[in-house]
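Novice: Structure supplied as run_34.cif; contents: mmCIF, C-alpha atoms.
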```
data_query
#
loop_
_atom_site.label_atom_id
_atom_site.label_comp_id
_atom_site.auth_asym_id
_atom_site.auth_seq_id
_atom_site.Cartn_x
_atom_site.Cartn_y
_atom_site.Cartn_z
CA MET A 198 219.89 138.80 251.96
CA ALA A 199 218.04 136.01 250.23
CA PRO A 200 214.50 136.70 249.05
CA ARG A 201 211.82 135.61 251.50
CA THR A 202 209.31 133.04 250.30
CA SER A 203 205.65 133.84 250.84
CA SER A 204 202.26 132.53 249.80
CA TRP A 205 200.78 135.87 248.83
CA PRO A 206 199.48 136.62 252.35
CA VAL A 207 197.83 139.86 251.21
CA TRP A 208 195.02 137.85 249.67
CA SER A 209 194.64 135.26 252.43
CA GLY A 210 191.04 134.72 253.48
CA ILE A 211 189.41 136.84 250.78
CA LEU A 212 187.91 133.81 249.08
CA SER A 213 186.07 132.83 252.24
CA THR A 214 184.99 136.33 253.24
CA ASP A 215 183.75 137.55 249.84
CA LYS A 216 181.29 134.77 249.09
CA ASN A 217 178.61 137.39 248.44
CA ILE A 218 180.43 138.55 245.31
CA LYS A 219 178.36 136.98 242.55
CA SER A 220 178.72 139.57 239.81
CA ALA A 221 180.96 142.28 238.38
CA ASP A 222 178.97 144.97 240.18
CA ASP A 223 179.40 143.16 243.50
CA TRP A 224 183.15 143.08 242.89
CA ILE A 225 183.53 146.76 241.99
CA GLY A 226 181.33 147.62 244.96
CA ALA A 227 183.69 145.70 247.25
CA ARG A 228 186.65 147.57 245.79
CA ARG A 229 185.00 150.90 246.58
CA MET A 230 184.62 149.80 250.18
CA GLU A 231 188.19 148.47 250.58
CA ASP A 232 190.51 150.54 248.35
CA GLY A 233 190.63 153.65 250.52
CA ALA A 234 189.82 155.99 247.63
CA ASP A 235 187.11 157.92 249.53
CA GLU A 236 184.83 158.31 246.48
CA LEU A 237 187.75 159.69 244.46
CA TRP A 238 190.26 157.92 242.21
CA ARG A 239 193.35 156.45 243.84
CA ILE A 240 196.71 156.13 242.06
CA HIS A 241 199.48 154.74 244.26
CA ASP A 242 199.10 156.70 247.52
CA GLY A 243 197.49 159.79 246.03
CA LEU A 244 193.80 160.63 245.73
CA TYR A 245 192.58 162.52 242.66
CA ASP A 246 189.29 164.18 241.77
CA LEU A 247 188.67 163.35 238.11
CA GLU A 248 184.99 164.33 238.08
CA GLN A 249 185.57 167.26 235.70
CA TRP A 250 187.80 165.07 233.51
CA ILE A 251 185.32 162.23 232.92
CA HIS A 252 183.91 163.53 229.64
CA LYS A 253 187.28 164.84 228.47
CA HIS A 254 189.17 161.61 229.11
CA PRO A 255 190.84 160.48 225.84
CA GLY A 256 190.03 156.86 226.66
CA GLY A 257 186.33 157.60 227.04
CA SER A 258 184.08 158.39 229.97
CA GLN A 259 183.11 154.81 230.89
CA TRP A 260 186.52 153.95 232.34
CA LEU A 261 186.35 156.77 234.88
CA GLU A 262 182.65 156.27 235.62
CA ILE A 263 183.20 152.62 236.47
CA THR A 264 186.34 153.13 238.55
CA LYS A 265 185.25 156.10 240.68
CA GLY A 266 185.97 155.31 244.32
CA THR A 267 188.59 152.64 243.59
CA ASP A 268 192.36 152.17 243.36
CA ILE A 269 193.23 152.46 239.66
CA THR A 270 197.03 152.25 240.04
CA GLU A 271 197.53 149.14 237.89
CA LEU A 272 195.04 150.32 235.27
CA PHE A 273 196.72 153.72 235.08
CA GLU A 274 200.22 152.27 234.81
CA SER A 275 199.37 149.67 232.17
CA SER A 276 197.16 151.99 230.08
CA HIS A 277 199.65 154.86 229.77
CA ILE A 278 202.79 153.42 228.20
CA ASN A 279 204.39 156.82 227.82
CA GLY A 280 203.30 157.77 231.31
CA LYS A 281 205.09 161.11 231.64
CA ALA A 282 202.34 163.17 230.04
CA ALA A 283 199.57 161.46 232.01
CA THR A 284 201.50 161.72 235.28
CA THR A 285 202.16 165.42 234.71
CA MET A 286 198.48 166.07 233.97
CA MET A 287 197.40 164.24 237.13
CA HIS A 288 199.04 166.88 239.31
CA LYS A 289 196.22 169.35 238.72
CA PHE A 290 193.65 166.80 239.92
CA TYR A 291 195.52 165.90 243.12
CA VAL A 292 193.49 166.26 246.33
CA ARG A 293 195.52 164.61 249.10
CA ASN A 294 197.27 161.40 250.10
CA ALA A 295 195.24 158.33 251.02
CA LYS A 296 194.77 157.59 254.70
CA SER A 297 195.40 153.85 254.38
CA PRO A 298 198.05 151.76 252.58
CA ARG A 299 197.17 150.08 249.30
CA LYS A 300 195.46 146.69 249.49
CA SER A 301 197.16 145.53 246.31
CA PRO A 302 200.54 143.79 246.73
CA PHE A 303 201.84 144.97 243.35
CA THR A 304 204.57 147.57 242.91
CA PHE A 305 205.94 149.65 240.04
CA LYS A 306 209.50 150.47 241.07
CA PRO A 307 211.45 152.59 238.55
CA ASP A 308 214.12 149.89 238.18
CA GLY A 309 211.63 147.02 238.42
CA PHE A 310 210.79 144.66 235.59
CA TYR A 311 207.59 146.34 234.44
CA ASN A 312 208.81 149.93 234.32
CA VAL A 313 212.05 148.92 232.62
CA LEU A 314 210.07 146.99 230.00
CA LYS A 315 207.51 149.78 229.61
CA SER A 316 210.15 152.43 228.97
CA ARG A 317 211.73 150.26 226.26
CA VAL A 318 208.35 149.55 224.67
CA ALA A 319 207.47 153.25 224.69
CA LYS A 320 210.71 154.06 222.92
CA LYS A 321 210.13 151.36 220.29
CA LEU A 322 206.55 152.40 219.60
CA SER A 323 207.53 156.05 219.19
CA PHE A 324 208.81 155.13 215.73
CA VAL A 325 205.66 153.20 214.71
CA ASP A 326 202.59 154.46 212.87
CA SER A 327 200.00 152.79 215.11
CA ASN A 328 197.03 153.84 212.95
CA SER A 329 198.10 151.62 210.05
CA TYR A 330 198.26 148.64 212.41
CA HIS A 331 194.93 149.48 214.02
CA ILE A 332 193.25 149.18 210.64
CA LYS A 333 194.32 145.52 210.48
CA SER A 334 192.54 144.73 213.74
CA MET A 335 189.40 146.51 212.59
CA LEU A 336 189.33 144.54 209.33
CA VAL A 337 189.81 141.25 211.17
CA VAL A 338 187.02 141.74 213.69
CA ASP A 339 184.63 143.14 211.07
CA THR A 340 185.29 140.14 208.83
CA TYR A 341 184.51 137.65 211.59
CA PHE A 342 181.22 139.29 212.51
CA LEU A 343 180.07 139.89 208.94
CA PHE A 344 180.71 136.22 208.22
CA ALA A 345 178.88 135.17 211.39
CA LEU A 346 175.86 137.34 210.60
CA ALA A 347 175.81 136.04 207.03
CA LEU A 348 175.68 132.53 208.46
CA CYS A 349 172.73 133.60 210.62
CA VAL A 350 170.94 134.68 207.43
CA GLY A 351 171.69 131.22 206.05
CA VAL A 352 170.21 129.65 209.19
CA ALA A 353 167.06 131.75 208.75
CA ARG A 354 166.61 130.56 205.17
CA THR A 355 167.57 126.91 205.56
CA GLU A 356 167.00 126.11 209.27
CA ASN A 357 170.22 124.12 209.02
CA ILE A 358 171.64 123.04 212.40
CA PHE A 359 175.17 122.80 211.00
CA LEU A 360 175.05 126.44 209.90
CA ALA A 361 173.81 127.43 213.38
CA LEU A 362 176.74 125.62 214.98
CA LEU A 363 179.18 127.22 212.54
CA ALA A 364 177.67 130.65 213.19
CA GLY A 365 178.24 130.12 216.93
CA ILE A 366 181.87 129.13 216.38
CA ILE A 367 182.60 132.13 214.15
CA LEU A 368 180.82 134.43 216.61
CA ALA A 369 183.07 133.08 219.38
CA LEU A 370 186.22 133.75 217.35
CA GLY A 371 184.92 137.22 216.51
CA THR A 372 184.13 137.88 220.16
CA VAL A 373 187.67 136.96 221.21
CA ALA A 374 188.95 139.34 218.51
CA ALA A 375 186.48 142.07 219.57
CA HIS A 376 187.58 141.75 223.19
CA ASN A 377 190.69 143.65 222.06
CA PHE A 378 188.46 146.68 221.47
CA THR A 379 186.98 146.56 224.97
CA HIS A 380 190.47 147.36 226.28
CA LEU A 381 190.84 150.43 224.08
CA LYS A 382 189.22 153.84 224.26
CA ASP A 383 185.43 153.80 223.90
CA ASN A 384 184.53 152.70 220.37
CA TRP A 385 181.57 151.09 218.62
CA ARG A 386 183.37 147.83 217.81
CA MET A 387 183.58 146.92 221.48
CA TYR A 388 179.81 146.40 221.35
CA TYR A 389 180.24 143.38 219.07
CA VAL A 390 180.56 141.30 222.25
CA GLN A 391 176.97 142.19 223.16
CA LEU A 392 175.72 140.00 220.28
CA VAL A 393 176.64 136.88 222.27
CA LEU A 394 174.99 138.20 225.48
CA LEU A 395 178.12 139.67 227.08
CA SER A 396 177.98 143.18 228.53
CA VAL A 397 180.73 145.66 227.68
CA ARG A 398 180.42 147.38 231.04
CA GLU A 399 180.38 144.10 232.97
CA TRP A 400 183.23 142.70 230.88
CA ARG A 401 185.38 145.75 231.54
CA ILE A 402 184.95 145.13 235.26
CA SER A 403 185.30 141.33 235.38
CA HIS A 404 187.97 141.04 232.69
CA VAL A 405 189.92 144.30 232.45
CA LEU A 406 189.79 145.53 236.05
CA SER A 407 189.68 142.16 237.82
CA HIS A 408 191.26 139.44 235.68
CA HIS A 409 193.90 141.56 233.95
CA ILE A 410 195.09 143.22 237.14
CA TYR A 411 194.79 140.42 239.72
CA THR A 412 195.44 137.51 237.39
CA ASN A 413 195.05 134.03 238.94
CA THR A 414 194.38 135.40 242.44
CA VAL A 415 191.19 135.24 244.44
CA GLN A 416 190.52 138.80 243.26
CA ASP A 417 190.33 137.49 239.66
CA LEU A 418 186.60 137.17 238.93
CA GLU A 419 187.31 134.76 236.08
CA MET A 420 188.70 132.46 238.76
CA SER A 421 186.32 133.08 241.63
CA LEU A 422 182.89 133.43 240.00
CA LEU A 423 182.90 129.82 238.80
CA HIS A 424 184.22 128.48 242.11
CA PRO A 425 183.69 125.70 243.20
CA PHE A 426 182.31 124.23 239.95
CA ILE A 427 185.55 125.10 238.18
CA HIS A 428 188.21 125.24 240.88
CA TRP A 429 191.64 126.44 239.72
CA PHE A 430 193.19 127.07 243.13
CA PRO A 431 195.68 124.46 244.48
CA THR A 432 193.73 123.60 247.62
CA GLU A 433 192.39 120.44 249.24
CA ASP A 434 188.76 121.59 249.23
CA LYS A 435 188.15 120.90 245.55
CA PRO A 436 184.91 119.00 244.87
CA PHE A 437 185.56 115.36 244.06
CA THR A 438 183.74 115.84 240.74
CA VAL A 439 186.39 118.37 239.66
CA ARG A 440 189.27 116.19 240.89
CA LEU A 441 188.04 112.93 239.35
CA PHE A 442 186.37 114.24 236.19
CA PRO A 443 188.16 117.44 235.11
CA TYR A 444 187.50 116.69 231.45
CA LEU A 445 183.75 116.90 232.14
CA THR A 446 183.90 120.54 233.29
CA PRO A 447 183.30 121.84 229.71
CA ILE A 448 179.71 120.66 230.19
CA ILE A 449 179.00 124.00 231.86
CA TYR A 450 180.73 126.12 229.20
CA PRO A 451 177.56 126.67 227.09
CA PHE A 452 175.78 128.15 230.10
CA ILE A 453 178.48 130.55 231.37
CA ILE A 454 177.77 133.58 229.16
CA PRO A 455 173.95 133.15 229.14
CA GLY A 456 174.20 132.73 232.91
CA GLN A 457 175.85 136.14 233.20
CA LEU A 458 172.89 137.67 231.37
CA VAL A 459 170.49 135.96 233.77
CA ILE A 460 172.39 137.27 236.82
CA ARG A 461 172.64 140.75 235.28
CA THR A 462 168.90 140.80 234.59
CA PHE A 463 168.02 139.42 238.02
CA LYS A 464 170.08 142.17 239.67
CA CYS A 465 168.55 144.82 237.34
CA ASN A 466 171.99 145.78 236.01
CA ASN A 467 171.05 145.77 232.33
CA ASP A 468 171.75 148.80 230.16
CA LYS A 469 170.72 149.97 226.69
CA ALA A 470 173.58 148.06 225.07
CA ASP A 471 171.90 144.79 226.11
CA LEU A 472 169.32 145.42 223.36
CA LEU A 473 172.02 144.43 220.86
CA MET A 474 171.54 140.80 221.87
CA PHE A 475 168.34 140.84 219.81
CA VAL A 476 170.23 141.46 216.53
CA ILE A 477 170.62 137.74 215.83
CA PRO A 478 166.99 136.75 216.61
CA ALA A 479 165.89 139.70 214.45
CA ILE A 480 167.94 138.33 211.55
CA LEU A 481 166.42 134.89 212.09
CA MET A 482 162.94 136.40 212.13
CA PHE A 483 163.10 138.75 209.13
CA CYS A 484 165.43 136.83 206.79
CA GLY A 485 163.42 133.59 206.61
CA GLN A 486 160.14 131.87 207.38
CA MET A 487 161.02 130.36 210.74
CA THR A 488 158.44 129.91 213.47
CA ILE A 489 158.89 131.65 216.84
CA ILE A 490 159.86 128.35 218.47
CA SER A 491 162.39 127.61 215.72
CA ILE A 492 163.87 131.11 216.09
CA ILE A 493 164.31 130.68 219.84
CA VAL A 494 165.87 127.22 219.44
CA ALA A 495 168.27 128.41 216.71
CA TRP A 496 169.22 131.50 218.73
CA LEU A 497 169.93 129.43 221.83
CA LEU A 498 171.99 126.98 219.77
CA ILE A 499 174.05 129.82 218.30
CA VAL A 500 174.73 131.66 221.59
CA MET A 501 175.37 128.49 223.59
CA THR A 502 177.81 127.22 220.95
CA SER A 503 179.50 130.61 221.06
CA SER A 504 179.64 130.49 224.87
CA PHE A 505 181.23 127.03 224.74
CA MET A 506 183.89 128.01 222.19
CA PHE A 507 184.66 131.38 223.77
CA THR A 508 185.09 129.83 227.22
CA PHE A 509 187.14 126.91 225.91
CA ILE A 510 189.52 129.22 224.04
CA GLY A 511 189.81 131.50 227.07
CA PHE A 512 190.53 128.73 229.57
CA SER A 513 193.07 127.18 227.19
CA ALA A 514 194.81 130.44 226.31
CA SER A 515 197.72 130.45 228.77
CA HIS A 516 196.75 131.07 232.41
CA HIS A 517 195.82 127.68 233.77
CA PHE A 518 198.93 125.67 233.06
CA PRO A 519 200.00 123.83 236.26
CA ASP A 520 203.42 125.51 236.35
CA ASN A 521 201.85 129.00 236.45
CA PHE A 522 201.26 130.87 239.67
CA HIS A 523 197.77 130.37 241.12
CA ASP A 524 196.76 131.90 244.41
CA GLY A 525 198.06 129.55 247.11
CA ASP A 526 201.40 128.87 245.40
CA TYR A 527 204.68 130.05 246.95
CA VAL A 528 206.50 132.94 245.33
CA ASN A 529 209.49 135.26 245.81
CA ASP A 530 208.96 138.76 247.14
CA GLU A 531 210.27 140.08 243.81
CA CYS A 532 207.08 138.72 242.21
CA ILE A 533 205.25 141.64 243.76
CA ASP A 534 206.38 143.61 240.71
CA TRP A 535 203.16 143.72 238.68
CA GLY A 536 204.90 142.84 235.42
CA ILE A 537 206.57 139.78 236.91
CA HIS A 538 203.22 138.67 238.29
CA GLN A 539 201.72 138.85 234.80
CA THR A 540 204.61 136.83 233.41
CA ILE A 541 204.42 134.00 235.95
CA THR A 542 200.65 133.67 235.59
CA SER A 543 200.78 133.14 231.83
CA ALA A 544 202.46 130.33 229.92
CA GLU A 545 204.19 131.30 226.71
CA ARG A 546 202.34 129.71 223.80
CA SER A 547 204.17 128.90 220.60
CA GLU A 548 202.28 130.32 217.62
CA PRO A 549 202.70 127.93 214.66
CA ILE A 550 201.15 130.46 212.29
CA ASN A 551 202.01 134.13 212.78
CA ASN A 552 198.76 135.47 211.35
CA ILE A 553 196.64 138.18 212.94
CA PHE A 554 193.40 136.41 211.95
CA LEU A 555 194.46 133.49 214.14
CA THR A 556 196.31 135.17 217.02
CA ILE A 557 193.74 137.90 217.70
CA ALA A 558 190.89 135.35 217.69
CA THR A 559 192.58 132.84 220.01
CA PHE A 560 194.09 135.10 222.69
CA GLY A 561 197.53 134.75 221.10
CA ASP A 562 200.65 136.57 222.38
CA HIS A 563 198.78 136.54 225.64
CA THR A 564 201.43 137.58 228.16
CA LEU A 565 202.34 140.70 226.21
CA HIS A 566 198.65 141.48 225.87
CA HIS A 567 198.34 141.30 229.65
CA LEU A 568 201.33 143.53 230.15
CA PHE A 569 200.05 146.15 227.69
CA PRO A 570 196.29 145.60 227.44
CA ALA A 571 195.52 149.09 226.12
CA LEU A 572 197.66 148.48 223.02
CA ASP A 573 195.95 147.39 219.83
CA HIS A 574 196.69 143.69 219.44
CA SER A 575 198.18 144.22 215.99
CA LEU A 576 201.10 146.06 217.64
CA ILE A 577 201.94 143.28 220.09
CA PRO A 578 204.18 141.23 217.72
CA LEU A 579 206.45 144.26 217.36
CA LEU A 580 207.32 144.03 221.04
CA LYS A 581 208.41 140.39 221.23
CA ASP A 582 212.14 141.00 220.87
CA THR A 583 212.09 143.74 223.50
CA TYR A 584 210.07 141.57 225.84
CA GLU A 585 212.31 138.53 225.41
CA ASP A 586 215.47 140.58 225.99
CA THR A 587 214.04 142.15 229.15
CA CYS A 588 212.85 138.80 230.50
CA LYS A 589 216.30 137.34 229.89
CA GLU A 590 217.86 140.26 231.75
CA PHE A 591 215.56 139.65 234.74
CA GLY A 592 215.93 135.88 234.63
CA LEU A 593 212.34 135.03 233.64
CA ASP A 594 211.62 131.76 231.87
CA LEU A 595 209.93 132.09 228.46
CA THR A 596 210.05 128.48 227.29
CA PRO A 597 207.14 128.22 224.81
CA LYS A 598 204.52 125.49 224.96
CA SER A 599 202.16 124.27 222.29
CA PHE A 600 198.44 125.07 222.36
CA THR A 601 197.59 121.41 222.94
CA THR A 602 200.03 121.22 225.88
CA ILE A 603 198.43 124.26 227.51
CA MET A 604 194.95 122.96 226.72
CA HIS A 605 195.63 119.67 228.52
CA GLY A 606 197.41 121.62 231.24
CA GLN A 607 194.26 123.48 232.25
CA PHE A 608 192.59 120.15 233.09
CA LYS A 609 195.66 119.09 235.08
CA GLN A 610 195.44 122.36 237.01
CA LEU A 611 191.87 121.46 237.99
CA THR A 612 193.21 118.36 239.76
CA ARG A 613 196.25 120.05 241.36
CA VAL A 614 195.95 120.37 245.15
CA THR A 615 199.62 120.85 246.10
CA PRO A 616 201.00 124.42 245.98
CA ASN A 617 203.98 125.00 243.70
CA ASN A 618 207.17 126.58 244.97
CA LEU A 619 207.86 129.07 242.20
CA LYS A 620 210.99 130.21 243.99
CA LYS A 621 212.77 127.20 242.53
CA ASP A 622 210.58 126.28 239.60
CA LYS A 623 210.11 129.44 237.62
CA ILE A 624 211.93 132.51 238.92
CA GLU A 625 215.64 133.15 238.95
CA THR A 626 216.46 136.16 241.11
CA ASP A 627 217.88 138.99 239.04
CA ILE A 628 221.52 139.66 239.88
CA LYS A 629 220.98 143.40 239.89
CA LEU A 630 218.18 143.12 242.41
CA ASP A 631 220.30 140.88 244.67
CA ASN A 632 223.10 143.44 244.62
CA ASN A 633 220.67 146.14 245.71
CA ILE A 634 219.38 144.17 248.75
#
```
Kindly return the structure encoded in the file as structure tokens.

Specialist:
Amino acid sequence: MAPRTSSWPVWSGILSTDKNIKSADDWIGARRMEDGADELWRIHDGLYDLEQWIHKHPGGSQWLEITKGTDITELFESSHINGKAATTMMHKFYVRNAKSPRKSPFTFKPDGFYNVLKSRVAKKLSFVDSNSYHIKSMLVVDTYFLFALALCVGVARTENIFLALLAGIILALGTVAAHNFTHLKDNWRMYYVQLVLLSVREWRISHVLSHHIYTNTVQDLEMSLLHPFIHWFPTEDKPFTVRLFPYLTPIIYPFIIPGQLVIRTFKCNNDKADLLMFVIPAILMFCGQMTIISIIVAWLLIVMTSSFMFTFIGFSASHHFPDNFHDGDYVNDECIDWGIHQTITSAERSEPINNIFLTIATFGDHTLHHLFPALDHSLIPLLKDTYEDTCKEFGLDLTPKSFTTIMHGQFKQLTRVTPNNLKKDKIETDIKLDNNI
């Protein structure tokens, strides 16, 4: 039987019915209402009471606090590469089966792409000393932020606009690098992102739980929150300003991260970690003779430059190439495998320089990072051969594209209104799967 072509009907209509979702908290609140977890934690079709495990969780308490009352299947599967131990432990927390089927269309079949890849990755990593690699990531992110803060001292002493712009750029690169630590177990380096007005808690919802799991769908907050001003979906209702002037959309980049702070404050969702945003203005105040007005102007210049660079790098990383799946495109049923979905929503980017200082600060090796987000980024290059072999076995296209090609591609995606048929364009049905149908 040939695979049936569909347009991801599971998500149909969500964009029009969830217009009230304006923040990460709105989104996680909607998940609690729709996921059928009954104030517990849902994994596949089972409900688990992890209340007593929250403060014992090896990954930190925040993950379980945020996700209580939701379906955490994808997060559980992608965070536990050697899943046998975690699955065995979950038995003692089991309460009952869920009353309703899962809302998510993604599956994790034992012989499916993702579980096959994950088992091979687990075997490969069993021979690796991960701590020695983790040190590399720590040194990289610390270097970026120490350099950025040193530049802020220079701004305080010289009131030089160029230094303020450079500080914003380095802060953006450091923030991209630090985002790696927001995926890991609770640690102090994840709070680096707070210096540029991001919130760790909010980021873990909008980026880790939403974007990483439901990539390029209407459940991806990094797609939907900016709609319709930045409209990635291949639909006819795109504003004419986006269609005719896609290269002008970066005008809003400087306001995206500060805007999140404004929304967070307006909704009274701030936490103690938000106080870290005052580190930079404190440096400007106590390391020079700047006036209050000059401090505010310099601070705004630094954080808005950082917002621009961070957003530009993120949008140009790999997801918004026109050949990638975006909600509304046509796909094979086999794409319901979560790993395949991650692969077809991310273009492979050729890395001209294989250097961790560059790749970790520019969302490099992005598809593998999406497949194994809880892995330290320094370990990702070790998995490339395994990933390429598995993709070849399952007939997935990994033709690399340059950064500039992907960068221009994201603007082409803004003008695309015709759905792609990925059945023919990007996915070759695996022979083994065909034989099993």

Novice: Any chance you could resolve the PyMOL selection byres ((chain A and resi 362-374) around 8) against this file and give the residues as an NGL selection string?

Specialist: :A and (337-338 or 341-342 or 344-346 or 348-349 or 358-361 or 375-378 or 389-390 or 393 or 498-504 or 506-507 or 557-560)

Novice: I'd like the contact shell of region 512-522 of chain A - 6 Å cut-off, only C-alpha atoms, skipping same-chain residues fewer than 5 positions apart - returned as a PyMOL selection string.

Specialist: chain A and resi 541-544+560+603-604+606-607+610

Novice: Go through A:Val614, A:Thr270, A:Glu356, A:Ser547 one by one, measure the shortest atom-to-atom distance of each to Thr488 (chain A) using all atoms listed in the file, and give the residue with the smallest value.

Specialist: A:Glu356

Novice: Got a sec to resolve the PyMOL selection byres ((chain A and resi 480) around 12) on this structure and send the residues as a list in words?

Specialist: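 What the PyMOL selection byres ((chain A and resi 480) around 12) grabs from the file is Ala345, Leu346, Ala347, Leu348, Cys349, Val350, Gly351, Val352, Ala353, Arg354, Leu392, Leu473, Met474, Phe475, Val476, Ile477, Pro478, Ala479, Leu481, Met482, Phe483, Cys484, Gly485, Gln486, Met487, Ile492, Ile493, Ala495 and Trp496 of chain A.
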
Novice: Around the point (197.8, 159.8, 251.2) (coordinates from the file), which residues reach within 10 Å if we count all atoms listed in the file? Answer as a PyMOL selection string.

Specialist: chain A and resi 233-234+239-244+292-299

Novice: Scan for residues within 12 Å of the point (203.4, 141.6, 228.9) in the coordinates of the file, using only C-alpha atoms, and reply as a ChimeraX atom specification.

Specialist: /A:275,278,310-315,318,409-410,535-545,561-572,574,577-578,580-585,587-588,595

Novice: Mind pulling up the distance from CA of His523 (chain A) to CA of Phe430 (chain A)?

Specialist: 6.0 Å

Novice: Starting from the displayed file, determine the output of the PyMOL selection byres ((chain A and resi 323-333) around 9) and express the residue list as a PyMOL selection string.

Specialist: chain A and resi 318-322+334-338+553+573-576

Novice: Mind checking which residues fall within 9 Å of Pro425 (chain A), counting all atoms listed in the file, ignoring those fewer than 4 positions away in the same chain, and posting them as a VMD selection string?

Specialist: chain A and resid 421 429 434 to 436 439

Novice: Go ahead and write the selection's residues with C-alpha atoms as a PDB file, in the coordinates of the input.

Specialist:
```
ATOM      1  CA  SER A 421     186.320 133.080 241.630  1.00  0.00           C
ATOM      2  CA  TRP A 429     191.640 126.440 239.720  1.00  0.00           C
ATOM      3  CA  ASP A 434     188.760 121.590 249.230  1.00  0.00           C
ATOM      4  CA  LYS A 435     188.150 120.900 245.550  1.00  0.00           C
ATOM      5  CA  PRO A 436     184.910 119.000 244.870  1.00  0.00           C
ATOM      6  CA  VAL A 439     186.390 118.370 239.660  1.00  0.00           C
TER       7      VAL A 439
END
```

Novice: Could you work out how far CA of Arg440 (chain A) lies from CA of His428 (chain A), giving the answer in Å with one decimal?

Specialist: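 If I compute the distance from CA of His428 (chain A) to CA of Arg440 (chain A), I get 9.1 Å.
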
Novice: Would you please work out which residue, of A:Thr412, A:Leu611, A:Tyr388, A:Ala470, is nearest to Thr446 (chain A) when using all atoms listed in the file?

Specialist: A:Leu611
